[in-house]
Amino acid sequence: MPLLPPELAHPLQDQDERAAARHRLSERDSTLQAIEALARRPASAWTSHERAAFPGSTNGVVEPPEQRLSRWASLFAEELTEIHRVAAVSRPLSDLELREALYLAGRLLSTVTGLPINDVDGFRLPTPPH
């Protein structure tokens, strides 16, 4: 059984679709980096808005968001590094590379936010009130 969805092998239609996919990868990578930075901050430095942005339980097990993010960042460190590497590549990516990176970044965001993969592009870390 394949671990990746079959649509990853389909070529992108044109340069506009490739550019849009590349932009979406960059946005997902930025979001992942912001979440990783939050995970490195001490729990006492988190705002209530930041805590509220993440689920308080995993599979029915209560887990404070600070612990959840720390565990997530540790568990998926290699995958996160790979997304950052691919997103930083300056050469054009193949359609397969681009689709795989988008899928992996989406899965990582879905896992940490608890959102369905199709909704992760709407996730934003809350900005602290001024």
# chains A, B, ... in the order shown; residues from 1 in each chain; ligands from 1

$ residues_around --residues "Leu104 of chain A" --least-positions-apart "6" --cutoff "12 Å" --atoms "only C-alpha atoms" --output "list in words"
Leu3, Leu4, Pro5, Leu8, Leu25, Arg28, Asp29, Leu32, Phe76, Glu78, Glu79, Leu80, Thr81, Glu82, Ile83, His84, Val86, Ala87, Glu97, Leu98, Ser110, Thr111, Ile117 and Val120 of chain A

$ write_last_selection --atoms "C-alpha atoms" --output "PDB file, in the first residue's frame"
ATOM      1  CA  LEU A   3       2.131   5.863   1.761  1.00  0.00           C
ATOM      2  CA  LEU A   4       1.665   8.880  -0.477  1.00  0.00           C
ATOM      3  CA  PRO A   5      -1.499   9.845  -2.358  1.00  0.00           C
ATOM      4  CA  LEU A   8       1.499  13.360  -6.243  1.00  0.00           C
ATOM      5  CA  LEU A  25       5.278  25.649  -0.028  1.00  0.00           C
ATOM      6  CA  ARG A  28       3.738  26.416   4.761  1.00  0.00           C
ATOM      7  CA  ASP A  29       7.449  26.402   5.524  1.00  0.00           C
ATOM      8  CA  LEU A  32       6.181  25.499  10.305  1.00  0.00           C
ATOM      9  CA  PHE A  76       9.280  15.265  13.333  1.00  0.00           C
ATOM     10  CA  GLU A  78      14.009  15.231  10.355  1.00  0.00           C
ATOM     11  CA  GLU A  79      10.861  15.876   8.324  1.00  0.00           C
ATOM     12  CA  LEU A  80      10.818  19.542   9.321  1.00  0.00           C
ATOM     13  CA  THR A  81      14.476  19.889   8.327  1.00  0.00           C
ATOM     14  CA  GLU A  82      13.686  18.323   4.951  1.00  0.00           C
ATOM     15  CA  ILE A  83      10.825  20.751   4.311  1.00  0.00           C
ATOM     16  CA  HIS A  84      13.057  23.702   5.226  1.00  0.00           C
ATOM     17  CA  VAL A  86      13.446  21.871  -0.056  1.00  0.00           C
ATOM     18  CA  ALA A  87      11.716  25.219   0.465  1.00  0.00           C
ATOM     19  CA  GLU A  97       9.523  17.178  -5.499  1.00  0.00           C
ATOM     20  CA  LEU A  98       7.143  20.089  -5.183  1.00  0.00           C
ATOM     21  CA  SER A 110      -2.325  18.975  10.142  1.00  0.00           C
ATOM     22  CA  THR A 111      -0.672  16.911  12.858  1.00  0.00           C
ATOM     23  CA  ILE A 117      -4.973  18.736   5.687  1.00  0.00           C
ATOM     24  CA  VAL A 120      -3.988  23.989   7.057  1.00  0.00           C
TER      25      VAL A 120
END

$ select_by_dssp --residues "segment 1-43 of chain A" --states "helix (DSSP H, G or I)" --output "ChimeraX atom specification"
/A:6-9,15-40,43

$ write_last_selection --atoms "N, CA, C and O atoms" --output "CSV table (one decimal), in the first residue's frame"
chain,number,residue,atom,x,y,z
A,6,PRO,N,-1.9,9.1,-4.7
A,6,PRO,CA,-1.5,8.9,-6.1
A,6,PRO,C,-1.4,10.2,-6.9
A,6,PRO,O,-0.6,10.3,-7.8
A,7,GLU,N,-2.1,11.2,-6.5
A,7,GLU,CA,-2.1,12.5,-7.2
A,7,GLU,C,-0.7,13.2,-7.2
A,7,GLU,O,-0.5,14.1,-7.9
A,8,LEU,N,0.2,12.7,-6.3
A,8,LEU,CA,1.5,13.4,-6.2
A,8,LEU,C,2.3,13.1,-7.5
A,8,LEU,O,3.2,13.9,-7.9
A,9,ALA,N,2.0,12.0,-8.2
A,9,ALA,CA,2.7,11.7,-9.4
A,9,ALA,C,2.2,12.5,-10.7
A,9,ALA,O,2.8,12.5,-11.7
A,15,GLN,N,3.4,26.7,-15.8
A,15,GLN,CA,4.3,27.5,-14.9
A,15,GLN,C,3.5,28.3,-13.8
A,15,GLN,O,4.0,28.4,-12.7
A,16,ASP,N,2.3,28.7,-14.2
A,16,ASP,CA,1.5,29.4,-13.2
A,16,ASP,C,1.2,28.5,-12.0
A,16,ASP,O,1.2,28.9,-10.8
A,17,GLU,N,0.8,27.3,-12.3
A,17,GLU,CA,0.5,26.3,-11.2
A,17,GLU,C,1.7,26.0,-10.4
A,17,GLU,O,1.7,25.8,-9.2
A,18,ARG,N,2.9,25.9,-11.1
A,18,ARG,CA,4.1,25.6,-10.4
A,18,ARG,C,4.5,26.8,-9.5
A,18,ARG,O,4.9,26.6,-8.3
A,19,ALA,N,4.3,28.0,-10.0
A,19,ALA,CA,4.6,29.2,-9.2
A,19,ALA,C,3.7,29.2,-7.9
A,19,ALA,O,4.1,29.6,-6.8
A,20,ALA,N,2.4,28.9,-8.1
A,20,ALA,CA,1.5,29.0,-7.0
A,20,ALA,C,1.8,27.9,-6.0
A,20,ALA,O,1.8,28.1,-4.8
A,21,ALA,N,2.2,26.7,-6.5
A,21,ALA,CA,2.6,25.6,-5.6
A,21,ALA,C,3.9,26.0,-4.8
A,21,ALA,O,4.0,25.7,-3.6
A,22,ARG,N,4.8,26.6,-5.5
A,22,ARG,CA,6.1,27.0,-4.8
A,22,ARG,C,5.8,28.1,-3.8
A,22,ARG,O,6.4,28.0,-2.7
A,23,HIS,N,4.9,29.0,-4.1
A,23,HIS,CA,4.5,30.0,-3.1
A,23,HIS,C,3.8,29.4,-1.9
A,23,HIS,O,4.1,29.7,-0.7
A,24,ARG,N,2.9,28.4,-2.1
A,24,ARG,CA,2.2,27.7,-1.0
A,24,ARG,C,3.2,27.0,-0.2
A,24,ARG,O,3.1,26.9,1.1
A,25,LEU,N,4.2,26.3,-0.8
A,25,LEU,CA,5.3,25.6,0.0
A,25,LEU,C,6.0,26.6,0.9
A,25,LEU,O,6.3,26.4,2.0
A,26,SER,N,6.4,27.8,0.3
A,26,SER,CA,7.1,28.8,1.1
A,26,SER,C,6.2,29.3,2.3
A,26,SER,O,6.8,29.4,3.4
A,27,GLU,N,4.9,29.4,2.1
A,27,GLU,CA,4.1,29.9,3.2
A,27,GLU,C,3.9,28.8,4.2
A,27,GLU,O,4.0,29.0,5.4
A,28,ARG,N,3.8,27.5,3.8
A,28,ARG,CA,3.7,26.4,4.8
A,28,ARG,C,5.0,26.3,5.5
A,28,ARG,O,5.0,26.1,6.7
A,29,ASP,N,6.2,26.5,4.8
A,29,ASP,CA,7.4,26.4,5.5
A,29,ASP,C,7.6,27.5,6.6
A,29,ASP,O,8.0,27.3,7.7
A,30,SER,N,7.2,28.7,6.2
A,30,SER,CA,7.2,29.8,7.2
A,30,SER,C,6.3,29.5,8.4
A,30,SER,O,6.7,29.8,9.5
A,31,THR,N,5.2,29.0,8.2
A,31,THR,CA,4.3,28.6,9.3
A,31,THR,C,4.9,27.6,10.2
A,31,THR,O,4.9,27.7,11.4
A,32,LEU,N,5.5,26.6,9.5
A,32,LEU,CA,6.2,25.5,10.3
A,32,LEU,C,7.3,26.1,11.1
A,32,LEU,O,7.5,25.7,12.3
A,33,GLN,N,8.1,27.0,10.5
A,33,GLN,CA,9.2,27.6,11.3
A,33,GLN,C,8.7,28.4,12.5
A,33,GLN,O,9.3,28.4,13.5
A,34,ALA,N,7.6,29.1,12.3
A,34,ALA,CA,7.0,29.9,13.4
A,34,ALA,C,6.5,29.0,14.5
A,34,ALA,O,6.7,29.3,15.7
A,35,ILE,N,5.9,27.9,14.1
A,35,ILE,CA,5.5,26.9,15.2
A,35,ILE,C,6.7,26.3,15.9
A,35,ILE,O,6.6,26.2,17.1
A,36,GLU,N,7.7,26.0,15.2
A,36,GLU,CA,8.9,25.4,15.8
A,36,GLU,C,9.5,26.5,16.8
A,36,GLU,O,10.0,26.1,17.9
A,37,ALA,N,9.6,27.7,16.4
A,37,ALA,CA,10.1,28.8,17.3
A,37,ALA,C,9.2,28.9,18.5
A,37,ALA,O,9.8,29.0,19.6
A,38,LEU,N,7.9,28.8,18.4
A,38,LEU,CA,7.0,28.8,19.5
A,38,LEU,C,7.3,27.6,20.4
A,38,LEU,O,7.3,27.7,21.6
A,39,ALA,N,7.5,26.4,19.8
A,39,ALA,CA,7.7,25.2,20.6
A,39,ALA,C,9.0,25.3,21.4
A,39,ALA,O,9.1,24.7,22.5
A,40,ARG,N,10.0,26.1,21.0
A,40,ARG,CA,11.2,26.3,21.7
A,40,ARG,C,11.1,27.3,22.9
A,40,ARG,O,12.0,27.3,23.8
A,43,ALA,N,7.1,27.6,28.3
A,43,ALA,CA,5.6,27.6,28.5
A,43,ALA,C,5.2,28.9,29.1
A,43,ALA,O,4.1,29.5,28.7

$ atom_distance --atom1 "atom CA of Trp46 of chain A" --atom2 "atom CA of Arg68 of chain A"
13.3 Å

$ atom_distance --atom1 "atom CA of Thr127 of chain A" --atom2 "atom CA of Val61 of chain A"
27.6 Å

$ atom_distance --atom1 "atom CA of Thr58 of chain A" --atom2 "atom CA of Gly114 of chain A"
8.5 Å

$ decode --residues "segment 23-37 of chain A" --atoms "all heavy atoms" --output "short mmCIF file (atom, residue, chain, number, x, y, z; two decimals), in the first residue's frame"
data_model
loop_
_atom_site.label_atom_id
_atom_site.label_comp_id
_atom_site.auth_asym_id
_atom_site.auth_seq_id
_atom_site.Cartn_x
_atom_site.Cartn_y
_atom_site.Cartn_z
N HIS A 23 4.88 28.99 -4.06
CA HIS A 23 4.50 30.02 -3.09
C HIS A 23 3.82 29.37 -1.88
O HIS A 23 4.10 29.75 -0.73
CB HIS A 23 3.58 31.05 -3.75
CG HIS A 23 3.11 32.11 -2.82
ND1 HIS A 23 3.93 33.12 -2.36
CD2 HIS A 23 1.91 32.31 -2.23
CE1 HIS A 23 3.26 33.89 -1.53
NE2 HIS A 23 2.02 33.42 -1.43
N ARG A 24 2.94 28.42 -2.13
CA ARG A 24 2.25 27.75 -1.03
C ARG A 24 3.24 26.97 -0.17
O ARG A 24 3.13 26.95 1.06
CB ARG A 24 1.16 26.83 -1.57
CG ARG A 24 0.18 26.42 -0.50
CD ARG A 24 -1.05 25.82 -1.09
NE ARG A 24 -0.71 24.53 -1.66
CZ ARG A 24 -1.57 23.65 -2.10
NH1 ARG A 24 -2.85 23.93 -2.09
NH2 ARG A 24 -1.19 22.50 -2.58
N LEU A 25 4.24 26.35 -0.79
CA LEU A 25 5.28 25.65 -0.03
C LEU A 25 6.03 26.63 0.86
O LEU A 25 6.30 26.36 2.03
CB LEU A 25 6.24 24.91 -0.96
CG LEU A 25 7.42 24.22 -0.28
CD1 LEU A 25 6.95 23.17 0.73
CD2 LEU A 25 8.35 23.61 -1.32
N SER A 26 6.36 27.79 0.31
CA SER A 26 7.07 28.81 1.09
C SER A 26 6.23 29.26 2.29
O SER A 26 6.76 29.42 3.40
CB SER A 26 7.39 30.00 0.19
OG SER A 26 8.01 31.02 0.91
N GLU A 27 4.94 29.45 2.07
CA GLU A 27 4.06 29.86 3.18
C GLU A 27 3.95 28.76 4.23
O GLU A 27 3.99 29.05 5.43
CB GLU A 27 2.67 30.21 2.64
CG GLU A 27 2.64 31.53 1.90
CD GLU A 27 1.25 31.91 1.44
OE1 GLU A 27 0.34 31.05 1.40
OE2 GLU A 27 1.07 33.10 1.12
N ARG A 28 3.80 27.52 3.80
CA ARG A 28 3.74 26.42 4.76
C ARG A 28 5.04 26.30 5.54
O ARG A 28 5.03 26.07 6.74
CB ARG A 28 3.42 25.10 4.05
CG ARG A 28 1.98 24.99 3.61
CD ARG A 28 1.68 23.65 2.96
NE ARG A 28 0.27 23.58 2.59
CZ ARG A 28 -0.31 22.52 2.05
NH1 ARG A 28 0.40 21.43 1.81
NH2 ARG A 28 -1.60 22.54 1.74
N ASP A 29 6.15 26.47 4.85
CA ASP A 29 7.45 26.40 5.52
C ASP A 29 7.57 27.52 6.57
O ASP A 29 8.03 27.28 7.68
CB ASP A 29 8.58 26.49 4.50
CG ASP A 29 9.95 26.40 5.14
OD1 ASP A 29 10.19 25.44 5.90
OD2 ASP A 29 10.77 27.30 4.90
N SER A 30 7.16 28.72 6.23
CA SER A 30 7.20 29.83 7.18
C SER A 30 6.34 29.54 8.41
O SER A 30 6.74 29.82 9.54
CB SER A 30 6.72 31.13 6.52
OG SER A 30 7.63 31.53 5.53
N THR A 31 5.16 28.98 8.18
CA THR A 31 4.28 28.63 9.30
C THR A 31 4.93 27.56 10.17
O THR A 31 4.90 27.66 11.41
CB THR A 31 2.90 28.17 8.78
OG1 THR A 31 2.33 29.22 8.00
CG2 THR A 31 1.97 27.82 9.93
N LEU A 32 5.51 26.55 9.54
CA LEU A 32 6.18 25.50 10.30
C LEU A 32 7.33 26.08 11.12
O LEU A 32 7.50 25.73 12.30
CB LEU A 32 6.70 24.40 9.37
CG LEU A 32 5.63 23.50 8.76
CD1 LEU A 32 6.22 22.68 7.62
CD2 LEU A 32 5.00 22.61 9.81
N GLN A 33 8.11 26.98 10.54
CA GLN A 33 9.21 27.60 11.28
C GLN A 33 8.70 28.41 12.47
O GLN A 33 9.30 28.38 13.55
CB GLN A 33 10.05 28.47 10.34
CG GLN A 33 10.87 27.64 9.37
CD GLN A 33 11.78 28.49 8.51
OE1 GLN A 33 12.36 29.46 8.99
NE2 GLN A 33 11.92 28.13 7.25
N ALA A 34 7.60 29.13 12.27
CA ALA A 34 7.03 29.91 13.38
C ALA A 34 6.54 28.99 14.50
O ALA A 34 6.72 29.30 15.69
CB ALA A 34 5.89 30.79 12.86
N ILE A 35 5.94 27.87 14.14
CA ILE A 35 5.47 26.92 15.15
C ILE A 35 6.65 26.31 15.88
O ILE A 35 6.63 26.15 17.11
CB ILE A 35 4.57 25.85 14.52
CG1 ILE A 35 3.27 26.49 14.00
CG2 ILE A 35 4.25 24.74 15.53
CD1 ILE A 35 2.42 25.56 13.15
N GLU A 36 7.71 25.98 15.16
CA GLU A 36 8.92 25.44 15.81
C GLU A 36 9.52 26.46 16.78
O GLU A 36 9.96 26.09 17.88
CB GLU A 36 9.96 25.07 14.76
CG GLU A 36 9.63 23.82 13.98
CD GLU A 36 10.67 23.56 12.92
OE1 GLU A 36 10.53 24.13 11.80
OE2 GLU A 36 11.62 22.81 13.19
N ALA A 37 9.55 27.72 16.38
CA ALA A 37 10.08 28.76 17.27
C ALA A 37 9.22 28.87 18.53
O ALA A 37 9.75 29.00 19.64
CB ALA A 37 10.13 30.11 16.54
#
